[in-house]
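Q: I am sharing work32.pdb, which consists of PDB, C-alpha atoms and all ligand atoms:
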```pdb
ATOM      1  CA  MET A 237     186.514 140.477  61.372  1.00  0.00           C
ATOM      2  CA  ARG A 238     188.796 140.943  64.346  1.00  0.00           C
ATOM      3  CA  SER A 239     187.434 139.848  67.696  1.00  0.00           C
ATOM      4  CA  PRO A 240     186.438 142.671  70.037  1.00  0.00           C
ATOM      5  CA  VAL A 241     188.740 143.768  72.847  1.00  0.00           C
ATOM      6  CA  ILE A 242     186.999 143.800  76.215  1.00  0.00           C
ATOM      7  CA  GLY A 243     188.755 145.793  78.915  1.00  0.00           C
ATOM      8  CA  VAL A 244     188.316 145.059  82.602  1.00  0.00           C
ATOM      9  CA  LEU A 245     189.037 148.032  84.830  1.00  0.00           C
ATOM     10  CA  ALA A 246     191.771 146.680  87.103  1.00  0.00           C
ATOM     11  CA  LEU A 247     192.230 149.376  89.746  1.00  0.00           C
ATOM     12  CA  GLN A 248     190.684 147.425  92.639  1.00  0.00           C
ATOM     13  CA  GLY A 249     188.161 144.635  93.170  1.00  0.00           C
ATOM     14  CA  ASP A 250     187.433 141.324  91.488  1.00  0.00           C
ATOM     15  CA  PHE A 251     188.746 142.104  88.006  1.00  0.00           C
ATOM     16  CA  ARG A 252     190.641 138.800  87.766  1.00  0.00           C
ATOM     17  CA  GLU A 253     187.436 136.786  87.865  1.00  0.00           C
ATOM     18  CA  HIS A 254     185.979 138.836  85.002  1.00  0.00           C
ATOM     19  CA  LEU A 255     189.140 138.366  82.980  1.00  0.00           C
ATOM     20  CA  GLU A 256     189.093 134.613  83.514  1.00  0.00           C
ATOM     21  CA  MET A 257     185.446 134.354  82.500  1.00  0.00           C
ATOM     22  CA  LEU A 258     186.124 136.287  79.282  1.00  0.00           C
ATOM     23  CA  ALA A 259     189.276 134.300  78.536  1.00  0.00           C
ATOM     24  CA  GLY A 260     187.235 131.106  78.945  1.00  0.00           C
ATOM     25  CA  LEU A 261     184.926 132.383  76.196  1.00  0.00           C
ATOM     26  CA  GLY A 262     187.900 132.993  73.906  1.00  0.00           C
ATOM     27  CA  VAL A 263     187.379 136.767  74.110  1.00  0.00           C
ATOM     28  CA  ASP A 264     190.369 139.096  73.792  1.00  0.00           C
ATOM     29  CA  ALA A 265     190.210 140.487  77.342  1.00  0.00           C
ATOM     30  CA  ARG A 266     192.663 142.865  78.984  1.00  0.00           C
ATOM     31  CA  ASN A 267     193.147 144.511  82.325  1.00  0.00           C
ATOM     32  CA  VAL A 268     193.035 148.274  81.845  1.00  0.00           C
ATOM     33  CA  ARG A 269     194.383 150.936  84.173  1.00  0.00           C
ATOM     34  CA  THR A 270     195.185 153.978  82.030  1.00  0.00           C
ATOM     35  CA  PRO A 271     193.099 156.309  79.837  1.00  0.00           C
ATOM     36  CA  GLU A 272     194.961 155.028  76.769  1.00  0.00           C
ATOM     37  CA  GLN A 273     194.157 151.421  77.589  1.00  0.00           C
ATOM     38  CA  VAL A 274     190.481 152.287  78.112  1.00  0.00           C
ATOM     39  CA  ALA A 275     190.349 154.110  74.779  1.00  0.00           C
ATOM     40  CA  ALA A 276     191.669 151.008  72.988  1.00  0.00           C
ATOM     41  CA  CYS A 277     188.696 148.862  74.119  1.00  0.00           C
ATOM     42  CA  ASP A 278     185.558 147.887  72.224  1.00  0.00           C
ATOM     43  CA  GLY A 279     183.767 147.203  75.490  1.00  0.00           C
ATOM     44  CA  LEU A 280     184.496 147.645  79.182  1.00  0.00           C
ATOM     45  CA  ILE A 281     183.656 146.011  82.513  1.00  0.00           C
ATOM     46  CA  LEU A 282     183.699 147.880  85.820  1.00  0.00           C
ATOM     47  CA  PRO A 283     184.110 145.114  88.427  1.00  0.00           C
ATOM     48  CA  GLY A 284     182.835 144.670  91.943  1.00  0.00           C
ATOM     49  CA  GLY A 285     184.936 145.882  94.829  1.00  0.00           C
ATOM     50  CA  GLU A 286     184.807 149.100  96.818  1.00  0.00           C
ATOM     51  CA  SER A 287     183.147 151.838  94.819  1.00  0.00           C
ATOM     52  CA  THR A 288     184.743 154.581  96.951  1.00  0.00           C
ATOM     53  CA  THR A 289     188.254 153.249  96.263  1.00  0.00           C
ATOM     54  CA  ILE A 290     187.693 152.541  92.576  1.00  0.00           C
ATOM     55  CA  GLY A 291     186.109 155.990  92.131  1.00  0.00           C
ATOM     56  CA  LYS A 292     189.084 157.746  93.712  1.00  0.00           C
ATOM     57  CA  LEU A 293     191.591 155.804  91.633  1.00  0.00           C
ATOM     58  CA  MET A 294     189.620 156.389  88.423  1.00  0.00           C
ATOM     59  CA  ARG A 295     189.799 160.094  89.036  1.00  0.00           C
ATOM     60  CA  ARG A 296     193.466 160.059  90.048  1.00  0.00           C
ATOM     61  CA  TYR A 297     194.510 158.280  86.855  1.00  0.00           C
ATOM     62  CA  GLY A 298     192.171 160.224  84.553  1.00  0.00           C
ATOM     63  CA  VAL A 299     190.366 157.013  83.690  1.00  0.00           C
ATOM     64  CA  ASP A 300     186.948 158.520  84.515  1.00  0.00           C
ATOM     65  CA  GLN A 301     187.138 160.877  81.541  1.00  0.00           C
ATOM     66  CA  ALA A 302     188.300 158.066  79.253  1.00  0.00           C
ATOM     67  CA  ILE A 303     185.297 155.963  80.305  1.00  0.00           C
ATOM     68  CA  ARG A 304     182.910 158.851  79.591  1.00  0.00           C
ATOM     69  CA  GLU A 305     184.447 159.155  76.133  1.00  0.00           C
ATOM     70  CA  LEU A 306     184.119 155.414  75.515  1.00  0.00           C
ATOM     71  CA  HIS A 307     180.455 155.687  76.468  1.00  0.00           C
ATOM     72  CA  ALA A 308     179.955 158.703  74.188  1.00  0.00           C
ATOM     73  CA  ALA A 309     181.508 156.663  71.371  1.00  0.00           C
ATOM     74  CA  GLY A 310     178.723 154.104  71.821  1.00  0.00           C
ATOM     75  CA  ARG A 311     180.844 151.269  73.209  1.00  0.00           C
ATOM     76  CA  PRO A 312     179.117 148.902  75.662  1.00  0.00           C
ATOM     77  CA  ILE A 313     180.027 149.263  79.327  1.00  0.00           C
ATOM     78  CA  TRP A 314     178.872 146.893  82.073  1.00  0.00           C
ATOM     79  CA  GLY A 315     179.186 147.551  85.795  1.00  0.00           C
ATOM     80  CA  THR A 316     178.819 144.778  88.385  1.00  0.00           C
ATOM     81  CA  CYS A 317     177.967 145.703  91.975  1.00  0.00           C
ATOM     82  CA  ALA A 318     180.498 148.449  92.825  1.00  0.00           C
ATOM     83  CA  GLY A 319     180.689 148.994  89.054  1.00  0.00           C
ATOM     84  CA  ALA A 320     176.914 149.581  88.955  1.00  0.00           C
ATOM     85  CA  ILE A 321     177.312 152.161  91.718  1.00  0.00           C
ATOM     86  CA  LEU A 322     180.033 153.927  89.738  1.00  0.00           C
ATOM     87  CA  LEU A 323     177.900 154.064  86.589  1.00  0.00           C
ATOM     88  CA  SER A 324     174.857 155.546  88.338  1.00  0.00           C
ATOM     89  CA  ARG A 325     173.800 159.172  88.235  1.00  0.00           C
ATOM     90  CA  GLU A 326     173.135 159.448  91.963  1.00  0.00           C
ATOM     91  CA  VAL A 327     174.515 157.511  94.924  1.00  0.00           C
ATOM     92  CA  VAL A 328     172.376 157.889  98.044  1.00  0.00           C
ATOM     93  CA  GLU A 329     174.135 159.627 100.939  1.00  0.00           C
ATOM     94  CA  ASN A 330     177.622 159.046  99.681  1.00  0.00           C
ATOM     95  CA  ASP A 331     180.662 160.805  98.322  1.00  0.00           C
ATOM     96  CA  VAL A 332     181.529 158.184  95.706  1.00  0.00           C
ATOM     97  CA  HIS A 333     183.212 159.689  92.637  1.00  0.00           C
ATOM     98  CA  ASN A 334     180.605 158.162  90.356  1.00  0.00           C
ATOM     99  CA  LEU A 335     180.494 158.552  86.598  1.00  0.00           C
ATOM    100  CA  GLY A 336     176.834 159.521  86.441  1.00  0.00           C
ATOM    101  CA  LEU A 337     176.149 157.856  83.090  1.00  0.00           C
ATOM    102  CA  LEU A 338     173.223 155.621  84.063  1.00  0.00           C
ATOM    103  CA  ASP A 339     169.935 157.349  84.843  1.00  0.00           C
ATOM    104  CA  ALA A 340     169.493 155.681  88.215  1.00  0.00           C
ATOM    105  CA  ARG A 341     169.599 156.399  91.904  1.00  0.00           C
ATOM    106  CA  ILE A 342     171.391 153.677  93.858  1.00  0.00           C
ATOM    107  CA  ALA A 343     171.989 152.946  97.545  1.00  0.00           C
ATOM    108  CA  ARG A 344     175.113 151.134  98.733  1.00  0.00           C
ATOM    109  CA  ASN A 345     175.124 148.070 101.025  1.00  0.00           C
ATOM    110  CA  ALA A 346     171.378 148.242 100.969  1.00  0.00           C
ATOM    111  CA  TYR A 347     170.232 144.720 101.949  1.00  0.00           C
ATOM    112  CA  GLY A 348     171.263 145.142 105.560  1.00  0.00           C
ATOM    113  CA  ARG A 349     173.590 143.126 107.750  1.00  0.00           C
ATOM    114  CA  GLN A 350     171.503 139.959 108.061  1.00  0.00           C
ATOM    115  CA  THR A 351     171.648 139.486 104.314  1.00  0.00           C
ATOM    116  CA  ASP A 352     175.224 140.547 103.667  1.00  0.00           C
ATOM    117  CA  SER A 353     175.315 138.098 100.808  1.00  0.00           C
ATOM    118  CA  PHE A 354     172.857 135.734  99.178  1.00  0.00           C
ATOM    119  CA  GLU A 355     172.225 133.790  96.029  1.00  0.00           C
ATOM    120  CA  ARG A 356     169.070 133.842  93.918  1.00  0.00           C
ATOM    121  CA  GLY A 357     167.976 132.217  90.692  1.00  0.00           C
ATOM    122  CA  LEU A 358     166.765 135.026  88.447  1.00  0.00           C
ATOM    123  CA  ALA A 359     164.531 134.959  85.410  1.00  0.00           C
ATOM    124  CA  MET A 360     166.335 136.860  82.694  1.00  0.00           C
ATOM    125  CA  ALA A 361     164.446 136.570  79.418  1.00  0.00           C
ATOM    126  CA  ALA A 362     167.090 138.523  77.482  1.00  0.00           C
ATOM    127  CA  LEU A 363     169.559 135.682  78.117  1.00  0.00           C
ATOM    128  CA  GLY A 364     167.333 132.690  77.507  1.00  0.00           C
ATOM    129  CA  ALA A 365     164.994 130.488  79.487  1.00  0.00           C
ATOM    130  CA  ALA A 366     167.378 129.171  82.142  1.00  0.00           C
ATOM    131  CA  GLU A 367     167.461 131.004  85.454  1.00  0.00           C
ATOM    132  CA  PHE A 368     170.608 132.959  86.143  1.00  0.00           C
ATOM    133  CA  PRO A 369     172.426 132.095  89.397  1.00  0.00           C
ATOM    134  CA  ALA A 370     172.836 135.588  90.839  1.00  0.00           C
ATOM    135  CA  VAL A 371     175.318 136.128  93.687  1.00  0.00           C
ATOM    136  CA  PHE A 372     174.811 139.269  95.769  1.00  0.00           C
ATOM    137  CA  ILE A 373     177.614 140.471  98.062  1.00  0.00           C
ATOM    138  CA  ARG A 374     177.102 143.620 100.130  1.00  0.00           C
ATOM    139  CA  ALA A 375     175.015 144.594  97.177  1.00  0.00           C
ATOM    140  CA  PRO A 376     173.548 147.964  96.345  1.00  0.00           C
ATOM    141  CA  ARG A 377     169.890 148.493  95.419  1.00  0.00           C
ATOM    142  CA  PHE A 378     168.442 150.630  92.683  1.00  0.00           C
ATOM    143  CA  VAL A 379     166.182 153.064  94.511  1.00  0.00           C
ATOM    144  CA  SER A 380     164.772 154.453  91.281  1.00  0.00           C
ATOM    145  CA  VAL A 381     165.571 154.328  87.581  1.00  0.00           C
ATOM    146  CA  GLY A 382     164.715 156.744  84.774  1.00  0.00           C
ATOM    147  CA  PRO A 383     162.180 156.039  82.005  1.00  0.00           C
ATOM    148  CA  GLY A 384     164.927 155.101  79.537  1.00  0.00           C
ATOM    149  CA  VAL A 385     166.232 152.334  81.782  1.00  0.00           C
ATOM    150  CA  GLU A 386     165.020 148.799  81.076  1.00  0.00           C
ATOM    151  CA  ALA A 387     164.911 146.168  83.829  1.00  0.00           C
ATOM    152  CA  LEU A 388     166.440 142.886  82.591  1.00  0.00           C
ATOM    153  CA  ALA A 389     165.984 141.116  85.925  1.00  0.00           C
ATOM    154  CA  ALA A 390     164.250 141.994  89.160  1.00  0.00           C
ATOM    155  CA  ILE A 391     163.609 140.757  92.671  1.00  0.00           C
ATOM    156  CA  ASP A 392     160.109 141.605  93.903  1.00  0.00           C
ATOM    157  CA  ASP A 393     159.702 144.148  91.108  1.00  0.00           C
ATOM    158  CA  GLU A 394     162.924 145.920  92.060  1.00  0.00           C
ATOM    159  CA  PRO A 395     165.461 145.926  89.217  1.00  0.00           C
ATOM    160  CA  VAL A 396     168.779 144.192  89.879  1.00  0.00           C
ATOM    161  CA  PHE A 397     170.027 144.161  86.291  1.00  0.00           C
ATOM    162  CA  VAL A 398     169.324 147.090  83.996  1.00  0.00           C
ATOM    163  CA  ARG A 399     170.122 148.352  80.534  1.00  0.00           C
ATOM    164  CA  GLN A 400     170.187 151.881  79.189  1.00  0.00           C
ATOM    165  CA  GLY A 401     171.399 151.879  75.603  1.00  0.00           C
ATOM    166  CA  ASN A 402     174.999 150.674  75.669  1.00  0.00           C
ATOM    167  CA  LEU A 403     175.133 150.564  79.476  1.00  0.00           C
ATOM    168  CA  LEU A 404     174.507 147.418  81.521  1.00  0.00           C
ATOM    169  CA  ALA A 405     174.481 147.385  85.307  1.00  0.00           C
ATOM    170  CA  SER A 406     173.965 144.421  87.625  1.00  0.00           C
ATOM    171  CA  THR A 407     173.918 144.612  91.411  1.00  0.00           C
ATOM    172  CA  PHE A 408     175.146 140.985  91.479  1.00  0.00           C
ATOM    173  CA  HIS A 409     178.292 139.150  90.320  1.00  0.00           C
ATOM    174  CA  PRO A 410     178.062 136.898  87.238  1.00  0.00           C
ATOM    175  CA  GLU A 411     181.877 136.664  87.271  1.00  0.00           C
ATOM    176  CA  LEU A 412     181.642 134.588  90.472  1.00  0.00           C
ATOM    177  CA  THR A 413     179.479 131.917  88.866  1.00  0.00           C
ATOM    178  CA  SER A 414     180.115 129.418  86.093  1.00  0.00           C
ATOM    179  CA  ASP A 415     177.424 131.010  83.902  1.00  0.00           C
ATOM    180  CA  PRO A 416     179.100 133.096  81.187  1.00  0.00           C
ATOM    181  CA  ARG A 417     175.937 134.374  79.495  1.00  0.00           C
ATOM    182  CA  VAL A 418     176.253 138.035  80.467  1.00  0.00           C
ATOM    183  CA  HIS A 419     179.941 138.120  79.538  1.00  0.00           C
ATOM    184  CA  ALA A 420     179.135 136.528  76.181  1.00  0.00           C
ATOM    185  CA  TRP A 421     176.395 139.078  75.612  1.00  0.00           C
ATOM    186  CA  LEU A 422     178.751 141.977  76.341  1.00  0.00           C
ATOM    187  CA  ALA A 423     181.250 140.599  73.821  1.00  0.00           C
ATOM    188  CA  GLU A 424     178.435 140.353  71.285  1.00  0.00           C
ATOM    189  CA  LEU A 425     177.409 143.981  71.901  1.00  0.00           C
ATOM    190  CA  ALA A 426     181.040 145.048  71.523  1.00  0.00           C
ATOM    191  CA  ARG A 427     181.269 143.228  68.196  1.00  0.00           C
ATOM    192  CA  ALA A 428     178.130 144.884  66.798  1.00  0.00           C
TER     193      ALA A 428
HETATM  194  N1  LIG A 501     179.609 147.380  99.007  1.00  0.00           N
HETATM  195  C1  LIG A 501     180.466 147.707  97.900  1.00  0.00           C
HETATM  196  C2  LIG A 501     180.409 149.188  97.583  1.00  0.00           C
HETATM  197  O1  LIG A 501     179.587 149.859  98.089  1.00  0.00           O
HETATM  198  C3  LIG A 501     180.078 146.912  96.687  1.00  0.00           C
HETATM  199  C4  LIG A 501     180.227 145.455  96.973  1.00  0.00           C
HETATM  200  C5  LIG A 501     180.633 144.640  95.808  1.00  0.00           C
HETATM  201  O2  LIG A 501     181.070 145.147  94.766  1.00  0.00           O
HETATM  202  N2  LIG A 501     180.528 143.358  95.973  1.00  0.00           N
HETATM  203  O3  LIG A 501     181.193 149.669  96.835  1.00  0.00           O
END
```
Can you present the structure in this file as structure tokens?
Ligand code: GLN
A:
Amino acid sequence: MRSPVIGVLALQGDFREHLEMLAGLGVDARNVRTPEQVAACDGLILPGGESTTIGKLMRRYGVDQAIRELHAAGRPIWGTCAGAILLSREVVENDVHNLGLLDARIARNAYGRQTDSFERGLAMAALGAAEFPAVFIRAPRFVSVGPGVEALAAIDDEPVFVRQGNLLASTFHPELTSDPRVHAWLAELARA
């Protein structure tokens, strides 16, 4: 069976780090910028960066519609940080051009200035016993999630990594660590 193609949306943000992590796993990973390139993927990553900028560019290039179609086709899509914002149904007090696929309400830059960025070891049973080294950078927070959204990891009962069907969203950045477990999982979902 051919190996799955994982696209990394490369309009803005830390897409290179995602690509390197996937390449290290031997996954066929590609930067994608056009609707055609998105449509050719078995799975997709929306990276961290600036959700306002990525949202505008997605719309300008017609990539937003292509991502909705990929989702409707049942392909796995994972958003990290800004990517999680873009996937969410509602962004608190903001004019982000979000995709609205994930039944969640999310607030941007929501940990406040004192904790601009931090690292936390997270229990993540779905990925095995070892704690996951989660890096948060100007991270958003899920204010509320719908009943069909499963929390895969949480801090003080607040979800920071969620799954809804073929959608994954983390408010932190696995691509900035040396732990490839989430990337490997996405490739596995794309293969299924
Ligand atoms: N603060 C950014 C935003 O609101 C997200 C930060 C990140 O992706 N690291 O889009």
Q: Write out as a ChimeraX atom specification the residues lying within 6 Å of stretch 356-361 of chain A, counting all atoms listed in the file and excluding same-chain residues fewer than 5 positions away.
A: /A:367-370,389
Q: Put those residues in a file: C-alpha atoms, as a compact mmCIF listing (two decimals), in the coordinates of the input.
A:
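File selection38.txt, as written:
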```
# COMPACT_ATOMS: atom_id res chain seq x y z
CA GLU A 367 167.46 131.00 85.45
CA PHE A 368 170.61 132.96 86.14
CA PRO A 369 172.43 132.10 89.40
CA ALA A 370 172.84 135.59 90.84
CA ALA A 389 165.98 141.12 85.92
```
Q: Which of these residues is nearest to A:Gly284, using only C-alpha atoms: A:Gly249, A:Gly298, A:Pro376, A:Gly382?
A: A:Gly249
Q: Return the single residue from A:Ala420, A:Leu363, A:Met294, A:Val398 that is closest to A:Gly279, with distances computed using all atoms listed in the file.
A: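 Once distances to A:Gly279 are computed over all atoms listed in the file, the minimum belongs to A:Ala420.
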Q: Return as JSON the box centre and box size in Å, one decimal, for an axis-aligned box around all listed atoms of ligand LIG 501 (chain A) padded by 5 Å per side.
A:
```
{"center_x": 180.4, "center_y": 146.6, "center_z": 96.9, "size_x": 11.6, "size_y": 16.5, "size_z": 14.2}
```
Q: Could you tell me, counting only C-alpha atoms and all ligand atoms, which protein and nucleic acid residues lie no more than 7 Å from ligand LIG 501 (chain A), written as a list in words?
A: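 Selection of residues at most 7 Å from ligand LIG 501 (chain A): Gly284, Gly285, Glu286, Ser287, Thr288, Thr316, Cys317, Ala318, Gly319, Ile321, Arg344, Asn345, Ile373, Arg374, Ala375 and Pro376 of chain A.
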Q: Choose the residue, out of A:Pro312, A:Val328, A:Leu323, A:Glu305, that has the smallest atom-to-atom separation from A:Gly401; count all atoms listed in the file.
A: A:Pro312
Q: Around (169.6, 156.6, 80.8), as given in the file, which residues come within 10 Å? Count only C-alpha atoms and list them as a list in words.
A: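 Residues with an atom close enough to that point: Ser324, Arg325, Gly336, Leu337, Leu338, Asp339, Ala340, Val381, Gly382, Pro383, Gly384, Val385, Glu386, Arg399, Gln400, Gly401, Asn402 and Leu403 of chain A.
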Q: Using only C-alpha atoms, which of the listed residues (A:Ala346, A:Ala308, A:Val263, A:Ile303) sits closest to A:Val241?
A: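 Answer, going by the shortest atom-to-atom distance: A:Val263.
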Q: Residues within 9 Å of A:Ile242, please, as an mmCIF file with C-alpha atoms, in the frame of the given file. Count only C-alpha atoms; anything in the same chain fewer than 2 positions from it doesn't count.
A:
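File part36.cif, as written:
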```cif
data_model
loop_
_atom_site.group_PDB
_atom_site.id
_atom_site.type_symbol
_atom_site.label_atom_id
_atom_site.label_comp_id
_atom_site.auth_asym_id
_atom_site.auth_seq_id
_atom_site.Cartn_x
_atom_site.Cartn_y
_atom_site.Cartn_z
ATOM 1 C CA PRO A 240 186.438 142.671 70.037
ATOM 2 C CA VAL A 244 188.316 145.059 82.602
ATOM 3 C CA LEU A 255 189.140 138.366 82.980
ATOM 4 C CA LEU A 258 186.124 136.287 79.282
ATOM 5 C CA VAL A 263 187.379 136.767 74.110
ATOM 6 C CA ASP A 264 190.369 139.096 73.792
ATOM 7 C CA ALA A 265 190.210 140.487 77.342
ATOM 8 C CA ARG A 266 192.663 142.865 78.984
ATOM 9 C CA ASN A 267 193.147 144.511 82.325
ATOM 10 C CA CYS A 277 188.696 148.862 74.119
ATOM 11 C CA ASP A 278 185.558 147.887 72.224
ATOM 12 C CA GLY A 279 183.767 147.203 75.490
ATOM 13 C CA LEU A 280 184.496 147.645 79.182
ATOM 14 C CA ILE A 281 183.656 146.011 82.513
ATOM 15 C CA LEU A 422 178.751 141.977 76.341
ATOM 16 C CA ALA A 423 181.250 140.599 73.821
ATOM 17 C CA ALA A 426 181.040 145.048 71.523
#
```
Q: Could you check how far atom CA of A:Trp314 sits from atom CA of A:Tyr297, in Å to one decimal?
A: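 Separating atom CA of A:Trp314 from atom CA of A:Tyr297 is a distance of 19.9 Å.
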Q: Please report the interatomic distance between atom CA of A:Val379 and atom CA of A:Ala343 in Å with one decimal.
A: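 Going from atom CA of A:Val379 over to atom CA of A:Ala343, I get 6.6 Å.
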